[in-house]
Every structure is written in C-alpha cells, then in structure tokens.
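To be precise, the following lines are run39.tsv, and they hold TSV, C-alpha atoms and all ligand atoms.
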```
chain	number	residue	atom	x	y	z
A	854	MET	CA	133.05	38.15	75.55
A	855	ASN	CA	131.78	35.87	78.31
A	856	THR	CA	131.38	35.50	82.06
A	857	LEU	CA	131.74	32.21	83.94
A	858	PHE	CA	130.16	31.10	87.21
A	859	ILE	CA	131.18	28.13	89.36
A	860	SER	CA	130.62	27.08	92.97
A	861	ASP	CA	130.88	24.18	95.40
A	862	LEU	CA	134.12	22.65	94.21
A	863	HIS	CA	134.87	21.69	97.82
A	864	LEU	CA	138.60	21.52	97.05
A	865	GLU	CA	140.46	19.33	99.53
A	866	GLU	CA	143.59	17.18	99.73
A	867	SER	CA	141.61	13.94	99.60
A	868	ARG	CA	140.11	14.81	96.19
A	869	PRO	CA	143.04	15.40	93.82
A	870	ASP	CA	140.63	14.59	90.96
A	871	ILE	CA	138.67	17.79	91.70
A	872	THR	CA	141.87	19.84	91.94
A	873	GLY	CA	142.93	18.39	88.58
A	874	ALA	CA	139.53	19.18	87.06
A	875	PHE	CA	139.77	22.77	88.29
A	876	LEU	CA	143.27	23.23	86.89
A	877	GLY	CA	141.96	21.79	83.61
A	878	PHE	CA	139.04	24.24	83.72
A	879	LEU	CA	141.48	27.15	84.21
A	880	ASP	CA	143.56	25.84	81.34
A	881	LYS	CA	140.82	25.14	78.78
A	882	THR	CA	137.56	26.91	79.67
A	883	ALA	CA	138.49	30.03	81.59
A	884	PRO	CA	141.13	31.67	79.37
A	885	GLY	CA	139.76	34.72	77.60
A	886	ALA	CA	136.75	35.02	79.90
A	887	GLU	CA	136.02	38.56	80.98
A	888	ARG	CA	135.00	37.52	84.51
A	889	LEU	CA	135.04	34.40	86.67
A	890	TYR	CA	132.70	34.25	89.66
A	891	ILE	CA	133.27	31.60	92.34
A	892	LEU	CA	130.13	31.58	94.45
A	893	GLY	CA	131.24	29.84	97.63
A	894	ASP	CA	132.41	26.51	99.00
A	895	PHE	CA	135.39	26.76	96.68
A	896	PHE	CA	137.35	25.04	99.47
A	897	GLU	CA	135.94	22.28	101.65
A	898	ALA	CA	137.39	24.04	104.68
A	899	TRP	CA	139.14	27.34	105.38
A	900	ILE	CA	140.46	28.26	108.81
A	901	GLY	CA	142.33	31.45	107.96
A	902	ASP	CA	144.55	32.88	105.23
A	903	ASP	CA	147.62	32.08	107.34
A	904	GLU	CA	147.32	28.30	106.90
A	905	ARG	CA	148.87	28.07	103.39
A	906	THR	CA	148.84	24.36	102.62
A	907	PRO	CA	150.44	23.08	99.38
A	908	LEU	CA	146.95	22.66	97.88
A	909	GLN	CA	146.03	26.26	98.74
A	910	GLU	CA	149.31	27.50	97.28
A	911	GLN	CA	148.78	25.51	94.08
A	912	ILE	CA	145.25	26.87	93.63
A	913	ALA	CA	146.38	30.42	94.48
A	914	ALA	CA	149.10	30.31	91.83
A	915	ALA	CA	146.68	29.02	89.18
A	916	LEU	CA	144.11	31.73	89.99
A	917	ARG	CA	146.86	34.36	89.95
A	918	ALA	CA	147.87	33.27	86.45
A	919	LEU	CA	144.27	33.67	85.26
A	920	SER	CA	143.86	37.11	86.83
A	921	ASP	CA	147.23	38.17	85.39
A	922	SER	CA	146.00	37.09	81.95
A	923	GLY	CA	143.17	39.65	82.21
A	924	THR	CA	140.20	37.75	83.67
A	925	ASP	CA	138.58	39.49	86.64
A	926	ILE	CA	138.01	36.97	89.46
A	927	PHE	CA	135.34	37.34	92.14
A	928	LEU	CA	135.01	35.17	95.24
A	929	MET	CA	132.02	34.78	97.54
A	930	HIS	CA	132.01	32.93	100.86
A	931	GLY	CA	130.22	29.63	101.25
A	932	ASN	CA	129.26	27.93	104.49
A	933	ARG	CA	132.58	26.03	104.45
A	934	ASP	CA	135.07	28.72	103.47
A	935	PHE	CA	133.53	31.77	105.16
A	936	LEU	CA	136.88	32.62	106.78
A	937	LEU	CA	138.52	33.12	103.40
A	938	GLY	CA	139.91	36.61	103.66
A	939	GLU	CA	141.27	39.67	101.91
A	940	ASP	CA	144.86	38.37	102.15
A	941	PHE	CA	144.07	35.34	100.00
A	942	CYS	CA	142.09	37.50	97.56
A	943	ALA	CA	144.95	39.97	97.24
A	944	ARG	CA	147.36	37.11	96.66
A	945	VAL	CA	145.33	35.67	93.76
A	946	GLY	CA	144.14	39.01	92.39
A	947	ALA	CA	140.46	38.40	93.22
A	948	THR	CA	137.73	40.59	94.66
A	949	LEU	CA	135.77	39.32	97.67
A	950	LEU	CA	132.02	39.77	97.21
A	951	ASP	CA	129.26	40.26	99.77
A	952	ASP	CA	126.44	37.72	99.87
A	953	PRO	CA	124.19	38.76	98.19
A	954	THR	CA	125.75	40.90	95.45
A	955	LEU	CA	123.81	42.58	92.67
A	956	ILE	CA	125.62	42.76	89.31
A	957	ASP	CA	124.84	43.95	85.82
A	958	LEU	CA	125.22	40.83	83.69
A	959	TYR	CA	125.39	42.21	80.15
A	960	GLY	CA	122.31	44.33	80.79
A	961	THR	CA	120.47	41.85	83.07
A	962	PRO	CA	120.34	42.84	86.75
A	963	THR	CA	121.45	39.62	88.47
A	964	LEU	CA	121.56	38.66	92.12
A	965	LEU	CA	124.47	36.44	93.16
A	966	MET	CA	124.37	34.40	96.37
A	967	HIS	CA	125.97	31.33	97.84
A	968	GLY	CA	122.50	30.00	98.62
A	969	ASP	CA	122.68	28.87	102.25
A	970	SER	CA	120.82	31.97	103.48
A	971	LEU	CA	117.85	30.88	101.32
A	972	CYS	CA	117.45	27.63	103.27
A	973	THR	CA	115.33	29.27	105.97
A	974	ALA	CA	113.54	26.03	106.97
A	975	ASP	CA	116.79	24.91	108.57
A	976	VAL	CA	116.39	27.12	111.63
A	977	GLU	CA	119.22	25.44	113.52
A	978	TYR	CA	121.66	26.07	110.67
A	979	GLN	CA	120.56	29.72	110.27
A	980	LYS	CA	121.39	30.34	113.94
A	981	PHE	CA	124.82	28.79	113.45
A	982	ARG	CA	125.30	30.88	110.28
A	983	ALA	CA	124.41	34.15	112.01
A	984	ASN	CA	126.93	33.37	114.74
A	985	MET	CA	129.70	32.36	112.33
A	986	ARG	CA	129.19	35.40	110.10
A	987	ASN	CA	129.47	37.76	113.07
A	988	PRO	CA	132.76	39.69	112.63
A	989	GLN	CA	133.38	39.52	116.38
A	990	THR	CA	133.09	35.70	116.39
A	991	GLN	CA	135.38	35.47	113.37
A	992	LYS	CA	137.96	37.70	115.03
A	993	LEU	CA	137.99	35.44	118.10
A	994	ILE	CA	138.35	32.31	115.96
A	995	LEU	CA	141.15	33.76	113.84
A	996	ALA	CA	143.04	34.83	116.97
A	997	ARG	CA	143.39	31.18	118.05
A	998	PRO	CA	146.49	29.15	117.14
A	999	LEU	CA	146.37	27.31	113.78
A	1000	LYS	CA	146.38	23.91	115.53
A	1001	ASP	CA	143.24	24.81	117.53
A	1002	ARG	CA	141.50	26.02	114.39
A	1003	GLN	CA	142.38	22.84	112.50
A	1004	GLN	CA	140.90	20.80	115.33
A	1005	MET	CA	137.80	23.00	115.39
A	1006	ALA	CA	137.29	22.61	111.62
A	1007	ARG	CA	137.40	18.80	111.96
A	1008	GLN	CA	134.82	18.89	114.75
A	1009	LEU	CA	132.50	21.24	112.83
A	1010	ARG	CA	132.66	18.99	109.81
A	1011	GLU	CA	131.80	15.87	111.80
A	1012	MET	CA	128.95	17.70	113.53
A	1013	SER	CA	127.54	18.97	110.24
A	1014	MET	CA	127.72	15.51	108.65
A	1015	ALA	CA	125.95	13.95	111.63
A	1016	THR	CA	123.14	16.55	111.82
A	1017	ASN	CA	122.55	16.76	108.05
A	1018	ARG	CA	122.02	13.00	107.85
A	1019	GLY	CA	118.97	13.39	110.06
A	1020	LYS	CA	117.44	16.29	108.14
A	1021	ALA	CA	114.56	16.02	105.66
A	1022	GLU	CA	115.44	16.62	102.01
A	1023	ASP	CA	113.24	19.72	101.64
A	1024	ILE	CA	114.81	21.38	104.69
A	1025	MET	CA	118.20	21.21	102.98
A	1026	ASP	CA	116.88	22.97	99.88
A	1027	VAL	CA	115.99	26.65	99.43
A	1028	THR	CA	112.64	27.94	100.67
A	1029	PRO	CA	110.73	28.96	97.48
A	1030	ASP	CA	109.03	31.94	99.18
A	1031	GLU	CA	112.38	33.20	100.44
A	1032	VAL	CA	113.80	33.12	96.90
A	1033	VAL	CA	110.93	35.26	95.61
A	1034	ARG	CA	111.11	37.60	98.60
A	1035	VAL	CA	114.83	38.25	98.11
A	1036	MET	CA	114.48	38.66	94.34
A	1037	GLU	CA	111.52	41.05	94.72
A	1038	ILE	CA	113.46	43.31	97.09
A	1039	SER	CA	116.18	43.75	94.46
A	1040	ASP	CA	113.61	43.48	91.63
A	1041	VAL	CA	115.84	41.20	89.56
A	1042	PRO	CA	114.88	38.84	86.72
A	1043	LEU	CA	117.83	36.53	87.42
A	1044	MET	CA	119.40	34.89	90.47
A	1045	ILE	CA	122.47	32.65	90.39
A	1046	HIS	CA	123.54	30.58	93.40
A	1047	GLY	CA	125.05	27.26	94.48
A	1048	HIS	CA	125.12	25.47	97.85
A	1049	THR	CA	122.24	22.99	97.45
A	1050	HIS	CA	124.07	20.71	95.00
A	1051	ARG	CA	120.86	20.60	92.95
A	1052	PRO	CA	121.90	22.14	89.62
A	1053	ALA	CA	118.86	23.33	87.68
A	1054	GLU	CA	117.13	26.28	86.04
A	1055	HIS	CA	113.87	27.32	87.70
A	1056	ASP	CA	111.30	29.63	86.11
A	1057	LEU	CA	109.41	31.86	88.53
A	1058	THR	CA	107.50	35.12	88.81
A	1059	VAL	CA	109.06	38.16	90.49
A	1060	ASN	CA	107.02	41.34	90.94
A	1061	GLY	CA	104.62	40.01	88.28
A	1062	LYS	CA	107.38	39.43	85.73
A	1063	ALA	CA	109.01	36.25	84.41
A	1064	ALA	CA	112.26	35.48	86.21
A	1065	LYS	CA	114.80	32.72	86.49
A	1066	ARG	CA	116.87	31.10	89.25
A	1067	ILE	CA	119.92	29.20	88.09
A	1068	VAL	CA	121.49	26.75	90.56
A	1069	LEU	CA	125.12	25.82	89.96
A	1070	GLY	CA	126.28	22.25	90.51
A	1071	ASP	CA	128.85	20.84	92.91
A	1072	TRP	CA	132.02	19.28	91.53
A	1073	ASP	CA	131.66	15.74	92.78
A	1074	GLN	CA	130.71	13.64	89.76
A	1075	TYR	CA	130.72	16.44	87.17
A	1076	VAL	CA	132.44	19.71	86.41
A	1077	TRP	CA	129.62	22.29	86.33
A	1078	TRP	CA	129.88	25.83	85.04
A	1079	LEU	CA	127.53	28.53	83.82
A	1080	ASN	CA	128.57	30.47	80.74
A	1081	VAL	CA	126.93	33.81	79.96
A	1082	GLU	CA	127.46	35.79	76.77
A	1083	PRO	CA	125.83	39.09	75.81
A	1084	GLY	CA	122.50	38.63	74.06
A	1085	LYS	CA	122.44	34.84	74.60
A	1086	LYS	CA	120.63	32.55	77.03
A	1087	PRO	CA	122.84	31.58	80.00
A	1088	GLU	CA	124.19	28.09	79.46
A	1089	LEU	CA	124.65	25.60	82.32
A	1090	ASN	CA	127.34	23.13	81.24
A	1091	LYS	CA	128.63	19.87	82.67
A	1092	THR	CA	131.30	17.35	81.81
A	1093	PRO	CA	132.21	14.19	83.70
A	1094	LEU	CA	134.81	14.83	86.36
B	1	MN	MN	127.46	25.47	100.70
```
In structure tokens, what does this structure look like?
Amino acid sequence: MNTLFISDLHLEESRPDITGAFLGFLDKTAPGAERLYILGDFFEAWIGDDERTPLQEQIAAALRALSDSGTDIFLMHGNRDFLLGEDFCARVGATLLDDPTLIDLYGTPTLLMHGDSLCTADVEYQKFRANMRNPQTQKLILARPLKDRQQMARQLREMSMATNRGKAEDIMDVTPDEVVRVMEISDVPLMIHGHTHRPAEHDLTVNGKAAKRIVLGDWDQYVWWLNVEPGKKPELNKTPL
C-alpha cells in the first residue's frame, strides 16, 4: 500500500522527454499505488478544457488507464494550469482538490498545497494570483475564443519570464513564517508542496511540536516523486530524466 506525490512536470509540446518520463512513471512506478496526487503545474499552460491538443489527449488517456486500474488520482491547480477544470478531471477519472487540502496520510494529518500562496514576499505575484483565482475572472477568460486565450497564455508566459528574471532568489521561495502560520492553523505535522523547484525536506516546529515540510521537485533534469507507505518515513526519490 502506497501513495505517490508529484508536481511541476510542466508538460508541454517542446519537451517530449518529460512526456516520455511521465508515461514511463505511469508504466513502472505508479501501478498498484493506492493514490496519486499531482500538486500543480502538471501542464506548463492550460487555457481551458476545450483545447484538447494531441499532448493533452495522450496524457488524459494514460491517466485514465491508471485510474481504471484502481489508483485514485487527485489534481491540484498550479500557477500555470489553474484553468484546468472538472471536464478534464472527469475525463481522466481524477478528483480536483482545493489548495490547500488537508488529508489523512496513513494516520498523519497532512496539508497539501501547490506552494505559490506561501511566497508572500512576492506581493506583485500575489495580487495577480488573487485576480486569476477569482471565479468571475476565470469565467470571463473561458468565455473568450480559444485563439484569444492561446494568445493571452503566450503573453502571460513572456511577462512572467521577464519579471521573474529581475526578482531576488528569496522572494521566489516560500516565506518561512507563512509556512508555520498555515501549518499551525491546521495543526499538522506534515506539509507537502511543489512550485519552488527546490526539492528538500525541512524540519520545523509547529505549535511546539516537531513537523516537516517536504518540497517536491520539478521535472526538468530529474524525475522527482514522493512515496509514502504506512508506518514508514516518506521517501523523496529522483532519477535522471
Ligand atoms: Mn508553480
């Protein structure tokens, strides 16, 4: 019995190596897992469930095969694929999760997040995030023709690349106090998130008790996944991509 966590694959047409690595992961690592959690930025871009590119269809079919085989799949939005919707989830047999979501991980209360909301030092980004996560904004975006949305996604990506280049390293990481604040509210000994592309295990203190924050890795150079089994220490794994 085991549960797997991945995030930040940033699947896109220009990186067939990552698509291949993910299909390999579904073929070799995922079978038999009780649950698979994908904690955001699964796709590099998502402009609506109606787009249906060959890459999206290929990934959807592979996920469907895993869910049909008995693995429960859970998807959380990242800052890139926040428009991923219920249609796609229904198609692949996955459940869309709120950010954050509290789960019982074999007896350990665990808080799951994408991680971008923890980067509170990036005030400019948090404003953008609040706007983009507003259901009314999303409705307006999704009502626009596909062509407009594709154009908008390209512009957003160029803007984000240009602004992030000028940002200090610590601004792009989580704010330590925010991590503790969020964990103390839910009173959890474990948090799992992605987003920062800084895979690591951090020990910290939450409400006076020992706690841990596990950061998943992005699939650029390595395939990263977290494996959790009952009664065992969570294991962060990597293999060259
Ligand atoms: Mn992200």
Inset, instruction - Rounded to one decimal place, report the CA of Phe941 (chain A)-CA of Met985 (chain A) distance in Å. - result: 19.2 Å
Inset, instruction - Determine the nearest neighbour of Trp899 (chain A) from the options A:Ala983, A:Arg1002, A:Ala874, A:Pro884, counting only C-alpha atoms. - result: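 Once distances to Trp899 (chain A) are computed over only C-alpha atoms, the minimum belongs to A:Arg1002.
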Legend entry - region 904-906 of chain A environment, 8 Å, all atoms listed in the file, sequence neighbours closer than 4 positions dropped, as a list of chain:residue names: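 The residues that qualify are A:Ile900, A:Glu910, A:Leu999.
Among the candidates A:Ala883, A:Thr872, A:Thr990, A:Ala898, the residue lying nearest to Gln1008 (chain A) is A:Ala898 (atoms considered: only C-alpha atoms).
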For the interface of chain A with ligand MN 1 (chain B) (cut-off 8 Å, counting all atoms listed in the file), please tabulate each contacting residue of chain A alongside its nearest pair of atoms and their separation in Å to one decimal, rows sorted by chain and increasing number, as JSON lines.
```
{"residue": "A:Asp861", "atom": "CA", "partner": "B:MN1", "partner_atom": "MN", "distance": 6.4}
{"residue": "A:Gly893", "atom": "CA", "partner": "B:MN1", "partner_atom": "MN", "distance": 6.5}
{"residue": "A:Asp894", "atom": "CA", "partner": "B:MN1", "partner_atom": "MN", "distance": 5.3}
{"residue": "A:Gly931", "atom": "CA", "partner": "B:MN1", "partner_atom": "MN", "distance": 5.0}
{"residue": "A:Asn932", "atom": "CA", "partner": "B:MN1", "partner_atom": "MN", "distance": 4.9}
{"residue": "A:Arg933", "atom": "CA", "partner": "B:MN1", "partner_atom": "MN", "distance": 6.4}
{"residue": "A:His967", "atom": "CA", "partner": "B:MN1", "partner_atom": "MN", "distance": 6.7}
{"residue": "A:Gly968", "atom": "CA", "partner": "B:MN1", "partner_atom": "MN", "distance": 7.0}
{"residue": "A:Asp969", "atom": "CA", "partner": "B:MN1", "partner_atom": "MN", "distance": 6.1}
{"residue": "A:Gly1047", "atom": "CA", "partner": "B:MN1", "partner_atom": "MN", "distance": 6.9}
{"residue": "A:His1048", "atom": "CA", "partner": "B:MN1", "partner_atom": "MN", "distance": 3.7}
{"residue": "A:Thr1049", "atom": "CA", "partner": "B:MN1", "partner_atom": "MN", "distance": 6.6}
```
Inset, instruction - Find the residue from A:Asp1071, A:Glu897, A:Glu865, A:Asp934 that sits nearest to His1046 (chain A); use only C-alpha atoms when measuring. - result: A:Asp1071
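Between CA of Lys1000 (chain A) and CA of Leu908 (chain A) lies a distance of 17.7 Å.
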Inset, instruction - Give me the residues within 6 Å of region 1076-1088 of chain A as a ChimeraX atom specification, counting all atoms listed in the file and dropping any in the same chain fewer than 4 places off. - result: /A:855-859,959,1070,1072,1092,1094
Inset, instruction - Have a look at A:Ala974, A:Leu1089, A:Met1044, A:Ala1064 and name the one nearest to Ile956 (chain A); count all atoms listed in the file. - result: A:Met1044
Legend entry - Exercise: Glu1022 (chain A) partners within 12 Å, all atoms listed in the file, chain neighbours under 6 positions left out, as a count of residues only: 7
Inset, instruction - Point out the residue among A:Thr882, A:Asp925, A:Leu1057, A:Leu937 with the least atom-to-atom distance to Leu995 (chain A), counting all atoms listed in the file. - result: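 When distances to Leu995 (chain A) are compared using all atoms listed in the file, the smallest one comes from A:Leu937.
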Inset, instruction - For CA of Leu1009 (chain A) and CA of Gln909 (chain A), quote the distance in Å rounded to one decimal. - result: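 Result for CA of Leu1009 (chain A) versus CA of Gln909 (chain A): 20.2 Å, one decimal.
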Limit the output to C-alpha atoms and give region 875-1005 of chain A as a CSV table (one decimal), in the first residue's frame.
```csv
chain,number,residue,atom,x,y,z
A,875,PHE,CA,5.8,10.7,-17.2
A,876,LEU,CA,4.5,7.9,-19.3
A,877,GLY,CA,7.4,5.8,-18.0
A,878,PHE,CA,6.4,6.8,-14.5
A,879,LEU,CA,2.8,5.7,-15.1
A,880,ASP,CA,4.1,2.4,-16.5
A,881,LYS,CA,6.7,1.5,-13.9
A,882,THR,CA,6.2,3.4,-10.7
A,883,ALA,CA,2.5,4.2,-10.4
A,884,PRO,CA,0.8,0.8,-11.0
A,885,GLY,CA,-0.5,-0.6,-7.8
A,886,ALA,CA,-0.4,2.7,-5.9
A,887,GLU,CA,-3.5,3.4,-3.8
A,888,ARG,CA,-3.4,7.2,-4.6
A,889,LEU,CA,-1.5,9.5,-6.9
A,890,TYR,CA,-1.5,13.2,-6.1
A,891,ILE,CA,-0.4,15.8,-8.7
A,892,LEU,CA,0.1,19.0,-6.9
A,893,GLY,CA,0.0,21.6,-9.6
A,894,ASP,CA,1.9,22.8,-12.7
A,895,PHE,CA,1.3,19.4,-14.2
A,896,PHE,CA,0.9,21.3,-17.5
A,897,GLU,CA,3.1,24.3,-18.5
A,898,ALA,CA,-0.1,26.1,-19.7
A,899,TRP,CA,-3.8,25.4,-19.6
A,900,ILE,CA,-6.3,27.7,-21.2
A,901,GLY,CA,-9.5,25.6,-20.8
A,902,ASP,CA,-10.6,22.0,-21.0
A,903,ASP,CA,-11.9,22.7,-24.6
A,904,GLU,CA,-8.5,23.0,-26.1
A,905,ARG,CA,-7.7,19.2,-26.4
A,906,THR,CA,-4.3,19.1,-28.1
A,907,PRO,CA,-2.7,15.8,-29.0
A,908,LEU,CA,-0.4,16.1,-26.0
A,909,GLN,CA,-3.4,16.7,-23.6
A,910,GLU,CA,-5.2,13.7,-25.2
A,911,GLN,CA,-2.2,11.4,-24.8
A,912,ILE,CA,-1.8,12.4,-21.1
A,913,ALA,CA,-5.5,12.1,-20.5
A,914,ALA,CA,-5.6,8.6,-21.9
A,915,ALA,CA,-2.6,7.5,-19.8
A,916,LEU,CA,-4.1,8.9,-16.6
A,917,ARG,CA,-7.5,7.2,-17.4
A,918,ALA,CA,-5.7,3.9,-17.7
A,919,LEU,CA,-4.2,4.4,-14.3
A,920,SER,CA,-7.5,5.4,-12.7
A,921,ASP,CA,-9.2,2.5,-14.4
A,922,SER,CA,-6.6,0.1,-12.9
A,923,GLY,CA,-7.7,1.2,-9.4
A,924,THR,CA,-5.4,4.1,-8.4
A,925,ASP,CA,-7.3,7.2,-7.1
A,926,ILE,CA,-5.9,10.3,-8.9
A,927,PHE,CA,-6.1,13.8,-7.4
A,928,LEU,CA,-5.2,17.0,-9.2
A,929,MET,CA,-4.4,20.4,-7.7
A,930,HIS,CA,-4.0,23.7,-9.6
A,931,GLY,CA,-0.7,25.3,-10.0
A,932,ASN,CA,0.0,28.9,-11.1
A,933,ARG,CA,0.3,27.7,-14.7
A,934,ASP,CA,-2.7,25.3,-15.1
A,935,PHE,CA,-5.2,27.0,-12.8
A,936,LEU,CA,-7.8,26.8,-15.5
A,937,LEU,CA,-7.7,23.0,-15.5
A,938,GLY,CA,-11.3,22.1,-14.9
A,939,GLU,CA,-13.9,19.5,-13.9
A,940,ASP,CA,-14.3,18.3,-17.5
A,941,PHE,CA,-10.7,17.2,-17.8
A,942,CYS,CA,-10.8,15.6,-14.3
A,943,ALA,CA,-14.0,13.7,-15.3
A,944,ARG,CA,-12.3,12.5,-18.5
A,945,VAL,CA,-9.3,11.1,-16.7
A,946,GLY,CA,-11.1,9.9,-13.6
A,947,ALA,CA,-9.4,12.3,-11.2
A,948,THR,CA,-10.7,14.5,-8.4
A,949,LEU,CA,-9.8,18.2,-8.4
A,950,LEU,CA,-8.5,19.4,-5.0
A,951,ASP,CA,-8.7,22.8,-3.3
A,952,ASP,CA,-5.5,24.5,-2.4
A,953,PRO,CA,-4.8,23.8,0.4
A,954,THR,CA,-6.3,20.4,1.1
A,955,LEU,CA,-6.0,18.5,4.4
A,956,ILE,CA,-5.7,14.7,4.1
A,957,ASP,CA,-5.1,11.8,6.4
A,958,LEU,CA,-1.9,10.2,5.1
A,959,TYR,CA,-1.9,6.8,6.8
A,960,GLY,CA,-2.7,8.4,10.2
A,961,THR,CA,-0.6,11.6,9.7
A,962,PRO,CA,-2.7,14.8,9.1
A,963,THR,CA,-1.0,16.3,6.1
A,964,LEU,CA,-1.6,19.6,4.4
A,965,LEU,CA,-1.2,19.6,0.6
A,966,MET,CA,-0.6,22.8,-1.4
A,967,HIS,CA,0.8,23.9,-4.7
A,968,GLY,CA,3.1,26.3,-2.8
A,969,ASP,CA,2.7,29.6,-4.7
A,970,SER,CA,0.4,31.0,-2.0
A,971,LEU,CA,3.3,30.6,0.5
A,972,CYS,CA,5.5,33.0,-1.4
A,973,THR,CA,4.1,36.1,0.3
A,974,ALA,CA,7.2,38.3,-0.3
A,975,ASP,CA,6.2,38.4,-3.9
A,976,VAL,CA,3.4,41.0,-3.4
A,977,GLU,CA,3.0,41.6,-7.1
A,978,TYR,CA,2.5,38.0,-7.9
A,979,GLN,CA,0.0,37.5,-5.0
A,980,LYS,CA,-2.1,40.3,-6.5
A,981,PHE,CA,-2.0,38.6,-9.9
A,982,ARG,CA,-2.9,35.3,-8.2
A,983,ALA,CA,-5.9,36.7,-6.4
A,984,ASN,CA,-7.2,38.1,-9.6
A,985,MET,CA,-6.6,34.9,-11.6
A,986,ARG,CA,-8.2,32.7,-8.9
A,987,ASN,CA,-11.4,34.8,-8.9
A,988,PRO,CA,-14.2,32.7,-10.4
A,989,GLN,CA,-15.6,35.8,-12.1
A,990,THR,CA,-12.3,36.5,-13.9
A,991,GLN,CA,-11.9,32.8,-14.9
A,992,LYS,CA,-15.4,32.8,-16.3
A,993,LEU,CA,-14.6,35.9,-18.4
A,994,ILE,CA,-11.4,34.3,-19.7
A,995,LEU,CA,-13.0,31.0,-20.5
A,996,ALA,CA,-15.8,32.8,-22.4
A,997,ARG,CA,-13.2,34.1,-24.9
A,998,PRO,CA,-12.5,32.3,-28.2
A,999,LEU,CA,-9.7,29.7,-28.0
A,1000,LYS,CA,-7.4,31.7,-30.3
A,1001,ASP,CA,-7.6,34.7,-27.9
A,1002,ARG,CA,-6.8,32.5,-24.9
A,1003,GLN,CA,-3.8,31.0,-26.7
A,1004,GLN,CA,-2.5,34.4,-27.4
A,1005,MET,CA,-3.1,35.5,-23.8
```
